[in-house]
Structures are given as C-alpha cells and as structure tokens.
file query.cif (mmCIF, C-alpha atoms)
data_model
loop_
_atom_site.label_atom_id
_atom_site.label_comp_id
_atom_site.auth_asym_id
_atom_site.auth_seq_id
_atom_site.Cartn_x
_atom_site.Cartn_y
_atom_site.Cartn_z
CA MET A 1 -27.75 24.44 -28.87
CA SER A 2 -24.53 22.81 -30.05
CA PHE A 3 -22.55 24.90 -27.50
CA LEU A 4 -24.70 23.54 -24.66
CA ARG A 5 -24.45 20.00 -26.04
CA ASN A 6 -20.64 20.30 -26.39
CA THR A 7 -20.35 21.70 -22.85
CA ILE A 8 -22.39 18.83 -21.45
CA ALA A 9 -20.38 16.30 -23.45
CA ALA A 10 -17.08 17.81 -22.27
CA GLY A 11 -18.32 17.77 -18.66
CA ALA A 12 -19.36 14.14 -18.98
CA LEU A 13 -15.95 13.19 -20.38
CA LEU A 14 -14.25 15.06 -17.56
CA LEU A 15 -16.36 13.25 -14.97
CA ALA A 16 -15.76 9.93 -16.68
CA GLY A 17 -12.04 10.56 -16.50
CA THR A 18 -12.18 11.09 -12.76
CA THR A 19 -13.52 7.59 -12.17
CA HIS A 20 -10.03 6.34 -13.04
CA ALA A 21 -8.36 8.73 -10.59
CA THR A 22 -8.32 5.92 -8.03
CA ASP A 23 -6.08 3.73 -10.21
CA ILE A 24 -2.57 4.03 -8.78
CA THR A 25 0.73 3.10 -10.41
CA MET A 26 4.05 3.23 -8.55
CA ALA A 27 7.68 2.11 -9.05
CA ASN A 28 7.78 3.02 -12.74
CA GLY A 29 4.67 0.95 -13.44
CA SER A 30 5.59 -2.26 -11.64
CA VAL A 31 3.15 -1.72 -8.74
CA HIS A 32 -0.58 -1.24 -9.45
CA PHE A 33 -3.64 -0.98 -7.22
CA SER A 34 -6.92 0.90 -6.89
CA THR A 35 -8.46 2.69 -3.95
CA PRO A 36 -12.15 3.18 -3.18
CA ASP A 37 -13.53 6.36 -4.75
CA SER A 38 -14.16 7.98 -1.36
CA TRP A 39 -10.51 7.75 -0.24
CA LEU A 40 -8.57 11.01 -0.52
CA GLY A 41 -4.95 11.14 -1.65
CA ILE A 42 -3.28 13.34 0.97
CA MET A 43 0.43 12.78 0.33
CA GLU A 44 2.68 11.51 -2.42
CA THR A 45 6.43 11.29 -2.85
CA GLN A 46 8.46 10.29 -5.90
CA GLY A 47 11.84 8.60 -6.01
CA ASP A 48 13.11 5.83 -3.80
CA PRO A 49 11.31 5.18 -1.55
CA GLU A 50 8.05 6.15 -3.19
CA LEU A 51 5.03 6.78 -0.96
CA ARG A 52 1.27 7.27 -1.32
CA VAL A 53 -0.97 8.15 1.63
CA PHE A 54 -4.77 8.06 1.50
CA GLN A 55 -7.20 9.40 4.08
CA VAL A 56 -10.22 7.19 4.66
CA PRO A 57 -13.00 9.63 5.58
CA ASP A 58 -14.81 9.05 8.85
CA THR A 59 -17.73 11.48 9.10
CA SER A 60 -18.46 10.62 12.72
CA PRO A 61 -17.21 12.80 15.60
CA THR A 62 -14.26 10.40 15.91
CA GLY A 63 -13.15 11.40 12.41
CA SER A 64 -12.56 15.00 13.42
CA THR A 65 -9.83 13.99 15.88
CA ALA A 66 -8.48 10.69 14.48
CA LEU A 67 -7.08 10.31 10.96
CA ALA A 68 -7.80 6.92 9.43
CA ARG A 69 -5.30 6.32 6.64
CA VAL A 70 -3.73 3.83 4.29
CA THR A 71 -0.12 4.09 3.15
CA VAL A 72 1.71 2.24 0.39
CA THR A 73 5.50 2.52 0.39
CA VAL A 74 7.71 1.04 -2.32
CA LYS A 75 11.51 0.83 -2.09
CA GLN A 76 14.06 -0.80 -4.36
CA VAL A 77 15.94 -3.63 -2.65
CA ALA A 78 18.68 -5.88 -3.98
CA ASP A 79 17.60 -9.20 -2.49
CA VAL A 80 15.57 -11.03 0.15
CA ASN A 81 18.04 -10.08 2.90
CA GLU A 82 17.57 -6.38 2.15
CA PHE A 83 13.79 -6.97 2.06
CA GLN A 84 13.98 -8.50 5.55
CA GLN A 85 15.96 -5.46 6.75
CA TYR A 86 13.20 -3.26 5.31
CA ILE A 87 10.58 -5.14 7.35
CA ASN A 88 12.77 -5.10 10.47
CA GLY A 89 13.15 -1.31 10.22
CA PHE A 90 9.39 -0.76 10.18
CA THR A 91 8.89 -3.30 12.96
CA ALA A 92 11.41 -1.49 15.17
CA LYS A 93 9.62 1.84 14.54
CA ALA A 94 6.27 0.25 15.41
CA LYS A 95 7.59 -1.16 18.69
CA GLY A 96 8.78 2.34 19.59
CA LEU A 97 5.29 3.84 19.36
CA SER A 98 3.57 4.91 22.55
CA GLY A 99 1.38 2.14 23.96
CA TYR A 100 2.54 -0.47 21.43
CA GLN A 101 0.74 -3.80 21.89
CA PRO A 102 1.18 -6.70 19.44
CA GLY A 103 -1.95 -8.12 17.83
CA ASN A 104 -2.92 -11.11 15.70
CA THR A 105 -1.00 -11.28 12.43
CA GLN A 106 -2.67 -12.26 9.20
CA GLY A 107 -0.02 -14.48 7.69
CA PRO A 108 3.64 -14.29 6.77
CA ASN A 109 5.20 -10.85 6.34
CA SER A 110 2.39 -9.14 8.17
CA THR A 111 2.05 -7.60 11.58
CA ALA A 112 -0.89 -6.24 13.52
CA TYR A 113 -0.67 -4.06 16.60
CA THR A 114 -2.26 -1.21 18.49
CA ALA A 115 -0.63 2.01 19.67
CA GLN A 116 -1.55 5.49 20.90
CA GLU A 117 -1.81 8.55 18.65
CA ASN A 118 -2.82 11.89 20.13
CA GLY A 119 -4.33 10.13 23.14
CA ALA A 120 -6.45 7.72 21.07
CA GLN A 121 -5.96 3.99 20.54
CA PHE A 122 -5.27 3.04 16.90
CA SER A 123 -5.21 -0.33 15.14
CA TYR A 124 -2.39 -0.95 12.67
CA LEU A 125 -2.07 -3.68 10.07
CA GLU A 126 1.13 -3.81 8.03
CA ARG A 127 1.73 -6.23 5.15
CA TYR A 128 4.91 -6.68 3.11
CA TRP A 129 5.81 -8.12 -0.30
CA PHE A 130 9.03 -8.58 -2.23
CA LYS A 131 8.22 -8.13 -5.91
CA ASP A 132 10.36 -7.31 -8.95
CA GLY A 133 13.26 -5.99 -6.86
CA HIS A 134 10.96 -3.86 -4.71
CA ALA A 135 9.99 -4.04 -1.06
CA ILE A 136 6.34 -3.04 -0.72
CA GLN A 137 4.62 -2.08 2.52
CA LEU A 138 0.84 -1.64 2.91
CA ARG A 139 0.02 0.06 6.22
CA CYS A 140 -3.64 0.42 7.26
CA VAL A 141 -4.24 2.62 10.32
CA ARG A 142 -7.62 3.36 11.87
CA PRO A 143 -8.98 4.32 15.28
CA ALA A 144 -9.51 1.19 17.36
CA GLN A 145 -12.95 2.60 18.25
CA SER A 146 -14.85 4.85 15.86
CA GLN A 147 -18.27 6.33 16.31
CA ALA A 148 -18.81 5.61 12.60
CA GLY A 149 -19.71 2.06 13.66
CA PRO A 150 -19.05 -1.45 12.41
CA ALA A 151 -20.09 -0.76 8.80
CA TRP A 152 -17.38 1.91 8.45
CA LYS A 153 -14.80 -0.40 10.04
CA ALA A 154 -15.80 -3.23 7.68
CA ALA A 155 -15.56 -0.91 4.64
CA PHE A 156 -12.12 0.30 5.78
CA ASP A 157 -10.87 -3.28 6.22
CA LYS A 158 -12.40 -4.35 2.89
CA GLY A 159 -10.60 -1.50 1.09
CA CYS A 160 -7.27 -2.48 2.70
CA ASP A 161 -7.79 -6.13 1.82
CA ALA A 162 -8.58 -5.23 -1.82
CA ILE A 163 -5.31 -3.29 -2.11
CA ALA A 164 -3.44 -6.23 -0.55
CA GLU A 165 -4.90 -8.57 -3.18
CA HIS A 166 -3.54 -6.32 -5.96
CA LEU A 167 -0.13 -5.97 -4.34
CA LYS A 168 0.45 -9.75 -3.96
#
call {"tool": "encode", "arguments": {"input": "query.cif", "output": "structure tokens"}}
result
Amino acid sequence: MSFLRNTIAAGALLLAGTTHATDITMANGSVHFSTPDSWLGIMETQGDPELRVFQVPDTSPTGSTALARVTVTVKQVADVNEFQQYINGFTAKAKGLSGYQPGNTQGPNSTAYTAQENGAQFSYLERYWFKDGHAIQLRCVRPAQSQAGPAWKAAFDKGCDAIAEHLK
C-alpha cells in the first residue's frame, strides 16, 4: 500500500508543479509575467532579443485556420532613443503587412491595427515598455472574427491585458 500511496503523492506533486508552468521569467529575471493555463508555449528564444510565443487555443472552426497568439519580446537598449528606434522598427514592419489598417490605440507606446494573414483579417495590439535597460514588446494577435464567439475574444483580451499589467 505504501507504493501506491507514494505513487499518488509523487503524481500529485508533479501536477502541483505544473500549475507554475505558466509563470514566465525573461531577461535574466528582470521581466516577469504569467499566462493563462490554457495558453500553449509554442516558441522560445534565448539571448538578445529574447522571445516567447504563446498560442491561444480557439477550438472553433476558425481556430483550425487562424493562429491566435501572444508574443513577448525583450531586447537590451541603451537609452530612450534606442527604445524609440525599437518601437519604430516594429511599426514599420506592421505598416508593411498586407491590408494594414490603423486602429484605436490604447495609450502611449501602444498601437492597434488590422492586417491580412493567409486570407483572413487579424487584429493586432502592440504595447511597449522601457524598463531596466530593456525594450519590451507585448504583441497580441487574434482573428478579427472568430467562430469561438465573444466570450473567447473577451478571454483572449483579458489574458493580454493581465500580461500588460505585469509588464508595466
């Protein structure tokens, strides 16, 4: 019986450890945030810049053809001028996307727009911070229209907003 009890205890500890898998640390510990448990880490790079990409599952038919995702990119910069160049570089790339249309921004150092990806319209929201010698970009990308409905869209936006609160 002690083998069964130990196996169950070990399994419970393993599962308990996975609840913290959504806690993310970047830039040698100077950037911290958490993602919702359902988000899947699909890409990660180390170095400078450092990048984390998360897929936000959409179980509707839209989700099989359109990848909703959230990206956090961190790069060392020397000063505010270099931070502004960082933002300008991403802005130039955005304006080069097929079907680019500016949207309503949500404050300073943020930009919202729509563009085409694989024939579908996507909504983009990018936010930027200069913190501890690092330029930080949060990029939230989702289909402009998803068959998952308004609750999925609200959950996606809520998850992005929660990361933004941690990155401030």
call {"tool": "closest_residue", "arguments": {"input": "query.cif", "among": "A:Asp23, A:Asp58, A:Glu165, A:Glu50", "to": "Pro150 in chain A", "atoms": "only C-alpha atoms"}}
result
A:Asp58
call {"tool": "resolve_selection", "arguments": {"input": "query.cif", "expression": "the PyMOL selection byres ((chain A and resi 54) around 8)", "output": "VMD selection string"}}
result
chain A and resid 39 to 43 52 to 53 55 to 56 69 to 71
call {"tool": "residues_around", "arguments": {"input": "query.cif", "residues": "Asp48 in chain A", "least_positions_apart": "2", "cutoff": "10 Å", "atoms": "all atoms listed in the file", "output": "MDAnalysis selection string"}}
result
chainID A and resid 27 45:46 50:51 73:77 134
call {"tool": "residues_around", "arguments": {"input": "query.cif", "residues": "Val80 in chain A", "least_positions_apart": "5", "cutoff": "10 Å", "atoms": "all atoms listed in the file", "output": "mmCIF file with C-alpha atoms, keeping the file's coordinate frame"}}
result
data_model
loop_
_atom_site.group_PDB
_atom_site.id
_atom_site.type_symbol
_atom_site.label_atom_id
_atom_site.label_comp_id
_atom_site.auth_asym_id
_atom_site.auth_seq_id
_atom_site.Cartn_x
_atom_site.Cartn_y
_atom_site.Cartn_z
ATOM 1 C CA GLN A 85 15.960 -5.460 6.750
ATOM 2 C CA TYR A 86 13.200 -3.260 5.310
ATOM 3 C CA PHE A 130 9.030 -8.580 -2.230
ATOM 4 C CA LYS A 131 8.220 -8.130 -5.910
ATOM 5 C CA GLY A 133 13.260 -5.990 -6.860
ATOM 6 C CA HIS A 134 10.960 -3.860 -4.710
ATOM 7 C CA ALA A 135 9.990 -4.040 -1.060
#
call {"tool": "resolve_selection", "arguments": {"input": "query.cif", "expression": "the PyMOL selection byres ((chain A and resi 31-33) around 10)", "output": "compact mmCIF listing (two decimals) with C-alpha atoms, in the coordinates of the input"}}
result
# COMPACT_ATOMS: atom_id res chain seq x y z
CA THR A 22 -8.32 5.92 -8.03
CA ASP A 23 -6.08 3.73 -10.21
CA ILE A 24 -2.57 4.03 -8.78
CA THR A 25 0.73 3.10 -10.41
CA MET A 26 4.05 3.23 -8.55
CA ALA A 27 7.68 2.11 -9.05
CA ASN A 28 7.78 3.02 -12.74
CA GLY A 29 4.67 0.95 -13.44
CA SER A 30 5.59 -2.26 -11.64
CA SER A 34 -6.92 0.90 -6.89
CA THR A 35 -8.46 2.69 -3.95
CA VAL A 72 1.71 2.24 0.39
CA VAL A 74 7.71 1.04 -2.32
CA LYS A 131 8.22 -8.13 -5.91
CA ASP A 132 10.36 -7.31 -8.95
CA HIS A 134 10.96 -3.86 -4.71
CA ILE A 136 6.34 -3.04 -0.72
CA ALA A 162 -8.58 -5.23 -1.82
CA ILE A 163 -5.31 -3.29 -2.11
CA ALA A 164 -3.44 -6.23 -0.55
CA GLU A 165 -4.90 -8.57 -3.18
CA HIS A 166 -3.54 -6.32 -5.96
CA LEU A 167 -0.13 -5.97 -4.34
CA LYS A 168 0.45 -9.75 -3.96
call {"tool": "resolve_selection", "arguments": {"input": "query.cif", "expression": "the PyMOL selection byres ((chain A and resi 140) around 7)", "output": "list in words"}}
result
Arg69, Val70, Thr71, Tyr124, Leu125, Glu126, Leu138, Arg139, Val141, Arg142 and Cys160 of chain A
call {"tool": "write_last_selection", "arguments": {"input": "query.cif", "atoms": "C-alpha atoms", "output": "mmCIF file, in the frame of the given file"}}
result
data_model
loop_
_atom_site.group_PDB
_atom_site.id
_atom_site.type_symbol
_atom_site.label_atom_id
_atom_site.label_comp_id
_atom_site.auth_asym_id
_atom_site.auth_seq_id
_atom_site.Cartn_x
_atom_site.Cartn_y
_atom_site.Cartn_z
ATOM 1 C CA ARG A 69 -5.300 6.320 6.640
ATOM 2 C CA VAL A 70 -3.730 3.830 4.290
ATOM 3 C CA THR A 71 -0.120 4.090 3.150
ATOM 4 C CA TYR A 124 -2.390 -0.950 12.670
ATOM 5 C CA LEU A 125 -2.070 -3.680 10.070
ATOM 6 C CA GLU A 126 1.130 -3.810 8.030
ATOM 7 C CA LEU A 138 0.840 -1.640 2.910
ATOM 8 C CA ARG A 139 0.020 0.060 6.220
ATOM 9 C CA VAL A 141 -4.240 2.620 10.320
ATOM 10 C CA ARG A 142 -7.620 3.360 11.870
ATOM 11 C CA CYS A 160 -7.270 -2.480 2.700
#
call {"tool": "residues_around", "arguments": {"input": "query.cif", "residues": "range 97-113 of chain A", "least_positions_apart": "6", "cutoff": "9 Å", "atoms": "only C-alpha atoms", "output": "PyMOL selection string"}}
result
chain A and resi 87+91+121-129
call {"tool": "atom_distance", "arguments": {"input": "query.cif", "atom1": "CA of Lys153 in chain A", "atom2": "CA of Thr65 in chain A"}}
result
16.3 Å
call {"tool": "atom_distance", "arguments": {"input": "query.cif", "atom1": "CA of Gly96 in chain A", "atom2": "CA of Pro143 in chain A"}}
result
18.4 Å
call {"tool": "axis_aligned_box", "arguments": {"input": "query.cif", "around": "range 146-150 of chain A", "padding_each_side": "5 Å", "output": "lines of an AutoDock Vina configuration file"}}
result
center_x = -17.3
center_y = 2.4
center_z = 14.4
size_x = 14.9
size_y = 17.8
size_z = 13.9
call {"tool": "decode", "arguments": {"input": "query.cif", "residues": "range 116-141 of chain A", "atoms": "N, CA, C and O atoms", "output": "compact mmCIF listing (two decimals), in the first residue's frame"}}
result
# COMPACT_ATOMS: atom_id res chain seq x y z
N GLN A 116 -3.99 41.41 -42.99
CA GLN A 116 -4.35 40.11 -43.54
C GLN A 116 -3.26 39.08 -43.24
O GLN A 116 -2.08 39.39 -43.35
N GLU A 117 -3.67 37.88 -42.89
CA GLU A 117 -2.78 36.73 -42.75
C GLU A 117 -3.48 35.55 -43.39
O GLU A 117 -4.59 35.20 -42.98
N ASN A 118 -2.85 34.94 -44.35
CA ASN A 118 -3.42 33.77 -45.03
C ASN A 118 -4.87 33.99 -45.45
O ASN A 118 -5.72 33.11 -45.30
N GLY A 119 -5.17 35.18 -45.94
CA GLY A 119 -6.51 35.49 -46.44
C GLY A 119 -7.52 35.86 -45.37
O GLY A 119 -8.67 36.13 -45.68
N ALA A 120 -7.12 35.87 -44.10
CA ALA A 120 -8.05 36.22 -43.01
C ALA A 120 -7.64 37.54 -42.38
O ALA A 120 -6.45 37.88 -42.33
N GLN A 121 -8.61 38.28 -41.91
CA GLN A 121 -8.37 39.55 -41.23
C GLN A 121 -7.99 39.28 -39.78
O GLN A 121 -8.68 38.52 -39.08
N PHE A 122 -6.89 39.88 -39.31
CA PHE A 122 -6.43 39.72 -37.94
C PHE A 122 -6.38 41.07 -37.25
O PHE A 122 -6.10 42.09 -37.88
N SER A 123 -6.63 41.06 -35.94
CA SER A 123 -6.49 42.24 -35.10
C SER A 123 -5.19 42.13 -34.32
O SER A 123 -4.89 41.08 -33.75
N TYR A 124 -4.42 43.22 -34.32
CA TYR A 124 -3.14 43.28 -33.63
C TYR A 124 -3.21 44.38 -32.58
O TYR A 124 -3.73 45.47 -32.84
N LEU A 125 -2.64 44.11 -31.42
CA LEU A 125 -2.44 45.13 -30.40
C LEU A 125 -1.02 44.97 -29.90
O LEU A 125 -0.65 43.89 -29.41
N GLU A 126 -0.22 46.03 -30.05
CA GLU A 126 1.17 46.00 -29.60
C GLU A 126 1.35 47.07 -28.54
O GLU A 126 0.89 48.19 -28.69
N ARG A 127 2.02 46.68 -27.45
CA ARG A 127 2.31 47.62 -26.36
C ARG A 127 3.80 47.53 -26.06
O ARG A 127 4.41 46.46 -26.15
N TYR A 128 4.38 48.66 -25.65
CA TYR A 128 5.82 48.75 -25.43
C TYR A 128 6.13 49.40 -24.09
O TYR A 128 5.44 50.33 -23.68
N TRP A 129 7.22 48.91 -23.46
CA TRP A 129 7.72 49.50 -22.21
C TRP A 129 9.23 49.56 -22.26
O TRP A 129 9.88 48.70 -22.86
N PHE A 130 9.77 50.57 -21.59
CA PHE A 130 11.21 50.69 -21.39
C PHE A 130 11.43 50.48 -19.90
O PHE A 130 10.96 51.27 -19.08
N LYS A 131 12.13 49.41 -19.56
CA LYS A 131 12.25 49.02 -18.15
C LYS A 131 13.62 48.39 -17.90
O LYS A 131 13.99 47.42 -18.58
N ASP A 132 14.36 48.93 -16.95
CA ASP A 132 15.65 48.37 -16.54
C ASP A 132 16.58 48.10 -17.71
O ASP A 132 17.21 47.04 -17.80
N GLY A 133 16.66 49.06 -18.65
CA GLY A 133 17.56 48.91 -19.79
C GLY A 133 17.07 47.93 -20.84
O GLY A 133 17.85 47.48 -21.68
N HIS A 134 15.78 47.60 -20.79
CA HIS A 134 15.20 46.67 -21.76
C HIS A 134 13.99 47.31 -22.45
O HIS A 134 13.18 47.97 -21.81
N ALA A 135 13.91 47.06 -23.76
CA ALA A 135 12.71 47.40 -24.51
C ALA A 135 11.86 46.14 -24.51
O ALA A 135 12.34 45.05 -24.81
N ILE A 136 10.60 46.28 -24.15
CA ILE A 136 9.69 45.14 -24.05
C ILE A 136 8.52 45.39 -25.00
O ILE A 136 7.93 46.47 -24.99
N GLN A 137 8.21 44.38 -25.81
CA GLN A 137 7.04 44.45 -26.68
C GLN A 137 6.10 43.31 -26.32
O GLN A 137 6.52 42.14 -26.22
N LEU A 138 4.82 43.63 -26.12
CA LEU A 138 3.74 42.65 -25.98
C LEU A 138 2.91 42.77 -27.24
O LEU A 138 2.37 43.85 -27.53
N ARG A 139 2.79 41.68 -27.98
CA ARG A 139 2.03 41.69 -29.24
C ARG A 139 0.93 40.63 -29.14
O ARG A 139 1.21 39.43 -29.01
N CYS A 140 -0.32 41.06 -29.20
CA CYS A 140 -1.48 40.17 -29.12
C CYS A 140 -2.15 40.14 -30.49
O CYS A 140 -2.55 41.19 -31.00
N VAL A 141 -2.26 38.95 -31.08
CA VAL A 141 -2.77 38.79 -32.44
C VAL A 141 -3.87 37.75 -32.43
O VAL A 141 -3.66 36.61 -31.99
